[in-house]
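Student: Would you mind keeping the following structure in view while I ask a few things?
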Amino acid sequence: MRRAISILVQPRSILIFVVLLIFLIFVFSNPKKSEEKAEEVPEITHRVYLDIDIDEQHQGRIVIGLYGQVVPKTVGTVSMVNSGPDSNGSQFFITTVKASWLDGEHVVFGKVIQGMDTVFAIEGGAGTYSGKPRKKVVIVDSGEIPKSEWDQER
């Protein structure tokens, strides 16, 4: 009996016990991915388009679905930032990767539903890390797509 107790208090046995205990705590304390709630997707009420030229060559059309009834508080694909309270200066931007550091910081008002290839062409062909464009990107036409024509887009 004494020998069995001395085996349990050896450093190797204590180390194995501690590792097993840490593993069990880790396994049972992490939330399961299957229990995560899916984000609610707001309804798209309007669609607008932007026809884009890069260095005077037609690049393509970006179609943006706008959330007319709900304004989510987290960042999405199309967001807006302004200069501050009581200002008219604002700009919109399209995120191409998840930007969790912007959650709750800007108003999300829509998502790109067609033309991400054009967005990536702007990002890769004309954009820089500093924000200063390498090429001239111009919105040559824009407008709203009537709801009756939504099925004809693709």
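Residues in the structure tokens are numbered from 1 in each chain, the chains being A, B, ... in the order shown, and ligands are numbered from 1 in the order shown.
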Could you give me, as an NGL selection string, each residue of segment 46-144 of chain A that DSSP assigns to helix (DSSP H, G or I) when run on this structure's backbone?

Tutor: :A and (100-102 or 116-126)

Student: Could you please take those selected residues and save all heavy atoms as a compact mmCIF listing (two decimals), in the first residue's frame?

Tutor:
```
# COMPACT_ATOMS: atom_id res chain seq x y z
N SER A 100 -13.35 43.19 -37.40
CA SER A 100 -14.01 43.20 -36.09
C SER A 100 -13.64 44.43 -35.26
O SER A 100 -14.41 44.82 -34.38
CB SER A 100 -13.70 41.92 -35.33
OG SER A 100 -12.31 41.75 -35.20
N TRP A 101 -12.50 45.07 -35.52
CA TRP A 101 -12.11 46.26 -34.77
C TRP A 101 -13.04 47.45 -35.09
O TRP A 101 -13.06 48.42 -34.38
CB TRP A 101 -10.66 46.63 -35.05
CG TRP A 101 -10.38 46.97 -36.49
CD1 TRP A 101 -10.43 48.21 -37.07
CD2 TRP A 101 -10.02 46.05 -37.52
NE1 TRP A 101 -10.14 48.11 -38.41
CE2 TRP A 101 -9.88 46.80 -38.72
CE3 TRP A 101 -9.81 44.68 -37.56
CZ2 TRP A 101 -9.54 46.21 -39.93
CZ3 TRP A 101 -9.47 44.11 -38.78
CH2 TRP A 101 -9.33 44.86 -39.93
N LEU A 102 -13.86 47.32 -36.15
CA LEU A 102 -14.81 48.37 -36.50
C LEU A 102 -16.20 48.13 -35.94
O LEU A 102 -17.07 48.98 -36.07
CB LEU A 102 -14.90 48.52 -38.03
CG LEU A 102 -13.62 48.95 -38.75
CD1 LEU A 102 -13.84 48.95 -40.25
CD2 LEU A 102 -13.16 50.30 -38.27
N MET A 116 -18.30 41.67 -56.62
CA MET A 116 -17.13 41.63 -55.73
C MET A 116 -15.84 41.53 -56.53
O MET A 116 -14.79 42.00 -56.08
CB MET A 116 -17.23 40.48 -54.73
CG MET A 116 -18.05 40.80 -53.49
SD MET A 116 -17.55 42.27 -52.58
CE MET A 116 -16.00 41.75 -51.84
N ASP A 117 -15.90 40.96 -57.74
CA ASP A 117 -14.70 40.91 -58.58
C ASP A 117 -14.23 42.33 -58.92
O ASP A 117 -13.04 42.61 -58.95
CB ASP A 117 -14.96 40.09 -59.85
CG ASP A 117 -16.15 40.59 -60.66
OD1 ASP A 117 -17.08 41.20 -60.08
OD2 ASP A 117 -16.18 40.33 -61.88
N THR A 118 -15.17 43.24 -59.11
CA THR A 118 -14.82 44.64 -59.37
C THR A 118 -14.23 45.29 -58.11
O THR A 118 -13.26 46.03 -58.20
CB THR A 118 -16.06 45.43 -59.85
OG1 THR A 118 -16.59 44.78 -61.01
CG2 THR A 118 -15.72 46.86 -60.17
N VAL A 119 -14.81 44.98 -56.96
CA VAL A 119 -14.27 45.49 -55.69
C VAL A 119 -12.83 45.01 -55.50
O VAL A 119 -11.95 45.80 -55.16
CB VAL A 119 -15.15 45.04 -54.49
CG1 VAL A 119 -14.50 45.43 -53.17
CG2 VAL A 119 -16.54 45.63 -54.59
N PHE A 120 -12.59 43.73 -55.76
CA PHE A 120 -11.23 43.19 -55.61
C PHE A 120 -10.28 43.79 -56.64
O PHE A 120 -9.09 43.98 -56.37
CB PHE A 120 -11.23 41.67 -55.68
CG PHE A 120 -11.86 41.01 -54.48
CD1 PHE A 120 -12.81 40.02 -54.65
CD2 PHE A 120 -11.52 41.37 -53.20
CE1 PHE A 120 -13.40 39.40 -53.55
CE2 PHE A 120 -12.10 40.77 -52.08
CZ PHE A 120 -13.04 39.78 -52.27
N ALA A 121 -10.78 44.10 -57.83
CA ALA A 121 -9.94 44.75 -58.86
C ALA A 121 -9.53 46.14 -58.40
O ALA A 121 -8.39 46.56 -58.62
CB ALA A 121 -10.69 44.82 -60.19
N ILE A 122 -10.44 46.85 -57.76
CA ILE A 122 -10.11 48.17 -57.23
C ILE A 122 -9.07 48.03 -56.12
O ILE A 122 -8.06 48.73 -56.10
CB ILE A 122 -11.37 48.89 -56.69
CG1 ILE A 122 -12.33 49.20 -57.83
CG2 ILE A 122 -10.99 50.15 -55.93
CD1 ILE A 122 -13.71 49.64 -57.37
N GLU A 123 -9.32 47.09 -55.22
CA GLU A 123 -8.42 46.88 -54.09
C GLU A 123 -7.03 46.45 -54.56
O GLU A 123 -6.02 47.01 -54.13
CB GLU A 123 -8.99 45.81 -53.16
CG GLU A 123 -8.10 45.48 -51.99
CD GLU A 123 -8.62 44.30 -51.18
OE1 GLU A 123 -9.05 43.30 -51.79
OE2 GLU A 123 -8.59 44.39 -49.95
N GLY A 124 -6.96 45.48 -55.45
CA GLY A 124 -5.68 44.93 -55.87
C GLY A 124 -4.97 45.74 -56.94
O GLY A 124 -3.75 45.84 -56.94
N GLY A 125 -5.73 46.34 -57.85
CA GLY A 125 -5.13 47.05 -58.97
C GLY A 125 -4.89 48.52 -58.73
O GLY A 125 -3.99 49.11 -59.31
N ALA A 126 -5.70 49.12 -57.87
CA ALA A 126 -5.59 50.56 -57.69
C ALA A 126 -5.31 50.98 -56.26
O ALA A 126 -4.90 52.10 -56.01
CB ALA A 126 -6.89 51.23 -58.16
```

Student: Skipping near chain neighbours, those fewer than 6 positions away, what residues fall within 9 Å of Ile145 of chain A using only C-alpha atoms, listed as a list in words?

Tutor: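 That gives His46, Arg47, Val48, Tyr49 and Val63 of chain A.
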
Student: When DSSP works through the backbone of this structure, what residues of segment 52-153 of chain A end up as strand (DSSP E), shown as a ChimeraX atom specification?

Tutor: /A:52-54,57-66,78-82,90-94,107-114,137-145

Student: Find the residues around Tyr67 of chain A up to 10 Å (only C-alpha atoms counted), leave out those fewer than 3 positions away in its own chain, and share them as a list in words.

Tutor: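 Once the nearby chain positions are removed, what remains is Val41, Pro42, Glu43, Ile44, Thr45, His46, Arg47, Ile64, Val70, Val71, Pro72, Val108, Phe109, Gly110 and Lys111 of chain A.
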
Student: For His58 of chain A, list every protein, DNA or RNA residue within 12 Å, evaluated using only C-alpha atoms, and leave out those in the same chain fewer than 5 positions away; present the list as a PDB file with all heavy atoms, in the first residue's frame.

Tutor:
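Output file part-v7.pdb follows:
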```pdb
ATOM      1  N   LEU A  50     -23.142  50.860 -59.006  1.00  0.00           N
ATOM      2  CA  LEU A  50     -22.028  51.755 -59.293  1.00  0.00           C
ATOM      3  C   LEU A  50     -21.269  51.160 -60.472  1.00  0.00           C
ATOM      4  O   LEU A  50     -20.762  50.045 -60.379  1.00  0.00           O
ATOM      5  CB  LEU A  50     -21.085  51.873 -58.089  1.00  0.00           C
ATOM      6  CG  LEU A  50     -21.690  52.271 -56.747  1.00  0.00           C
ATOM      7  CD1 LEU A  50     -20.650  52.121 -55.643  1.00  0.00           C
ATOM      8  CD2 LEU A  50     -22.213  53.687 -56.798  1.00  0.00           C
ATOM      9  N   ASP A  51     -21.210  51.867 -61.601  1.00  0.00           N
ATOM     10  CA  ASP A  51     -20.394  51.435 -62.732  1.00  0.00           C
ATOM     11  C   ASP A  51     -19.014  52.052 -62.560  1.00  0.00           C
ATOM     12  O   ASP A  51     -18.883  53.271 -62.388  1.00  0.00           O
ATOM     13  CB  ASP A  51     -21.021  51.861 -64.057  1.00  0.00           C
ATOM     14  CG  ASP A  51     -22.267  51.060 -64.385  1.00  0.00           C
ATOM     15  OD1 ASP A  51     -22.374  49.911 -63.915  1.00  0.00           O
ATOM     16  OD2 ASP A  51     -23.141  51.566 -65.114  1.00  0.00           O
ATOM     17  N   ILE A  52     -17.971  51.204 -62.604  1.00  0.00           N
ATOM     18  CA  ILE A  52     -16.614  51.620 -62.238  1.00  0.00           C
ATOM     19  C   ILE A  52     -15.676  51.576 -63.440  1.00  0.00           C
ATOM     20  O   ILE A  52     -15.670  50.604 -64.202  1.00  0.00           O
ATOM     21  CB  ILE A  52     -16.060  50.684 -61.136  1.00  0.00           C
ATOM     22  CG1 ILE A  52     -16.989  50.639 -59.916  1.00  0.00           C
ATOM     23  CG2 ILE A  52     -14.635  51.062 -60.759  1.00  0.00           C
ATOM     24  CD1 ILE A  52     -17.098  51.932 -59.153  1.00  0.00           C
ATOM     25  N   ASP A  53     -14.876  52.631 -63.572  1.00  0.00           N
ATOM     26  CA  ASP A  53     -13.764  52.679 -64.524  1.00  0.00           C
ATOM     27  C   ASP A  53     -12.468  52.801 -63.727  1.00  0.00           C
ATOM     28  O   ASP A  53     -12.418  53.531 -62.733  1.00  0.00           O
ATOM     29  CB  ASP A  53     -13.853  53.884 -65.456  1.00  0.00           C
ATOM     30  CG  ASP A  53     -14.867  53.715 -66.572  1.00  0.00           C
ATOM     31  OD1 ASP A  53     -15.551  52.668 -66.615  1.00  0.00           O
ATOM     32  OD2 ASP A  53     -14.977  54.637 -67.413  1.00  0.00           O
ATOM     33  N   THR A 118     -15.175  43.245 -59.113  1.00  0.00           N
ATOM     34  CA  THR A 118     -14.819  44.641 -59.370  1.00  0.00           C
ATOM     35  C   THR A 118     -14.234  45.285 -58.115  1.00  0.00           C
ATOM     36  O   THR A 118     -13.258  46.029 -58.196  1.00  0.00           O
ATOM     37  CB  THR A 118     -16.060  45.426 -59.847  1.00  0.00           C
ATOM     38  OG1 THR A 118     -16.589  44.781 -61.010  1.00  0.00           O
ATOM     39  CG2 THR A 118     -15.719  46.865 -60.168  1.00  0.00           C
ATOM     40  N   ALA A 121     -10.785  44.102 -57.834  1.00  0.00           N
ATOM     41  CA  ALA A 121      -9.943  44.746 -58.856  1.00  0.00           C
ATOM     42  C   ALA A 121      -9.525  46.140 -58.399  1.00  0.00           C
ATOM     43  O   ALA A 121      -8.385  46.562 -58.619  1.00  0.00           O
ATOM     44  CB  ALA A 121     -10.686  44.822 -60.192  1.00  0.00           C
ATOM     45  N   ILE A 122     -10.442  46.849 -57.764  1.00  0.00           N
ATOM     46  CA  ILE A 122     -10.108  48.174 -57.230  1.00  0.00           C
ATOM     47  C   ILE A 122      -9.072  48.031 -56.122  1.00  0.00           C
ATOM     48  O   ILE A 122      -8.064  48.734 -56.097  1.00  0.00           O
ATOM     49  CB  ILE A 122     -11.367  48.889 -56.690  1.00  0.00           C
ATOM     50  CG1 ILE A 122     -12.327  49.200 -57.831  1.00  0.00           C
ATOM     51  CG2 ILE A 122     -10.988  50.155 -55.931  1.00  0.00           C
ATOM     52  CD1 ILE A 122     -13.711  49.642 -57.372  1.00  0.00           C
ATOM     53  N   LYS A 136      -6.473  55.887 -61.206  1.00  0.00           N
ATOM     54  CA  LYS A 136      -7.670  56.696 -61.056  1.00  0.00           C
ATOM     55  C   LYS A 136      -8.903  55.798 -61.150  1.00  0.00           C
ATOM     56  O   LYS A 136      -9.134  55.135 -62.160  1.00  0.00           O
ATOM     57  CB  LYS A 136      -7.720  57.764 -62.144  1.00  0.00           C
ATOM     58  CG  LYS A 136      -8.846  58.739 -61.985  1.00  0.00           C
ATOM     59  CD  LYS A 136      -8.773  59.839 -63.036  1.00  0.00           C
ATOM     60  CE  LYS A 136      -9.896  60.819 -62.827  1.00  0.00           C
ATOM     61  NZ  LYS A 136      -9.818  61.900 -63.822  1.00  0.00           N
ATOM     62  N   VAL A 137      -9.690  55.751 -60.076  1.00  0.00           N
ATOM     63  CA  VAL A 137     -10.923  54.978 -60.023  1.00  0.00           C
ATOM     64  C   VAL A 137     -12.083  55.959 -60.033  1.00  0.00           C
ATOM     65  O   VAL A 137     -12.137  56.873 -59.204  1.00  0.00           O
ATOM     66  CB  VAL A 137     -10.987  54.101 -58.748  1.00  0.00           C
ATOM     67  CG1 VAL A 137     -12.291  53.339 -58.683  1.00  0.00           C
ATOM     68  CG2 VAL A 137      -9.792  53.146 -58.699  1.00  0.00           C
ATOM     69  N   VAL A 138     -13.011  55.777 -60.993  1.00  0.00           N
ATOM     70  CA  VAL A 138     -14.118  56.710 -61.162  1.00  0.00           C
ATOM     71  C   VAL A 138     -15.432  55.941 -61.193  1.00  0.00           C
ATOM     72  O   VAL A 138     -15.540  54.908 -61.858  1.00  0.00           O
ATOM     73  CB  VAL A 138     -13.962  57.509 -62.485  1.00  0.00           C
ATOM     74  CG1 VAL A 138     -15.137  58.445 -62.707  1.00  0.00           C
ATOM     75  CG2 VAL A 138     -12.667  58.281 -62.486  1.00  0.00           C
ATOM     76  N   ILE A 139     -16.430  56.462 -60.476  1.00  0.00           N
ATOM     77  CA  ILE A 139     -17.797  55.956 -60.609  1.00  0.00           C
ATOM     78  C   ILE A 139     -18.393  56.726 -61.781  1.00  0.00           C
ATOM     79  O   ILE A 139     -18.670  57.922 -61.668  1.00  0.00           O
ATOM     80  CB  ILE A 139     -18.613  56.177 -59.321  1.00  0.00           C
ATOM     81  CG1 ILE A 139     -17.967  55.438 -58.148  1.00  0.00           C
ATOM     82  CG2 ILE A 139     -20.064  55.740 -59.528  1.00  0.00           C
ATOM     83  CD1 ILE A 139     -18.580  55.753 -56.797  1.00  0.00           C
ATOM     84  N   VAL A 140     -18.557  56.058 -62.934  1.00  0.00           N
ATOM     85  CA  VAL A 140     -19.010  56.740 -64.142  1.00  0.00           C
ATOM     86  C   VAL A 140     -20.526  56.798 -64.240  1.00  0.00           C
ATOM     87  O   VAL A 140     -21.071  57.625 -64.979  1.00  0.00           O
ATOM     88  CB  VAL A 140     -18.420  56.095 -65.420  1.00  0.00           C
ATOM     89  CG1 VAL A 140     -16.919  56.319 -65.473  1.00  0.00           C
ATOM     90  CG2 VAL A 140     -18.757  54.632 -65.508  1.00  0.00           C
ATOM     91  N   ASP A 141     -21.224  55.937 -63.522  1.00  0.00           N
ATOM     92  CA  ASP A 141     -22.677  55.958 -63.507  1.00  0.00           C
ATOM     93  C   ASP A 141     -23.141  55.302 -62.213  1.00  0.00           C
ATOM     94  O   ASP A 141     -22.454  54.438 -61.665  1.00  0.00           O
ATOM     95  CB  ASP A 141     -23.242  55.205 -64.716  1.00  0.00           C
ATOM     96  CG  ASP A 141     -24.729  55.473 -64.938  1.00  0.00           C
ATOM     97  OD1 ASP A 141     -25.267  56.444 -64.363  1.00  0.00           O
ATOM     98  OD2 ASP A 141     -25.368  54.706 -65.689  1.00  0.00           O
TER      99      ASP A 141
END
```
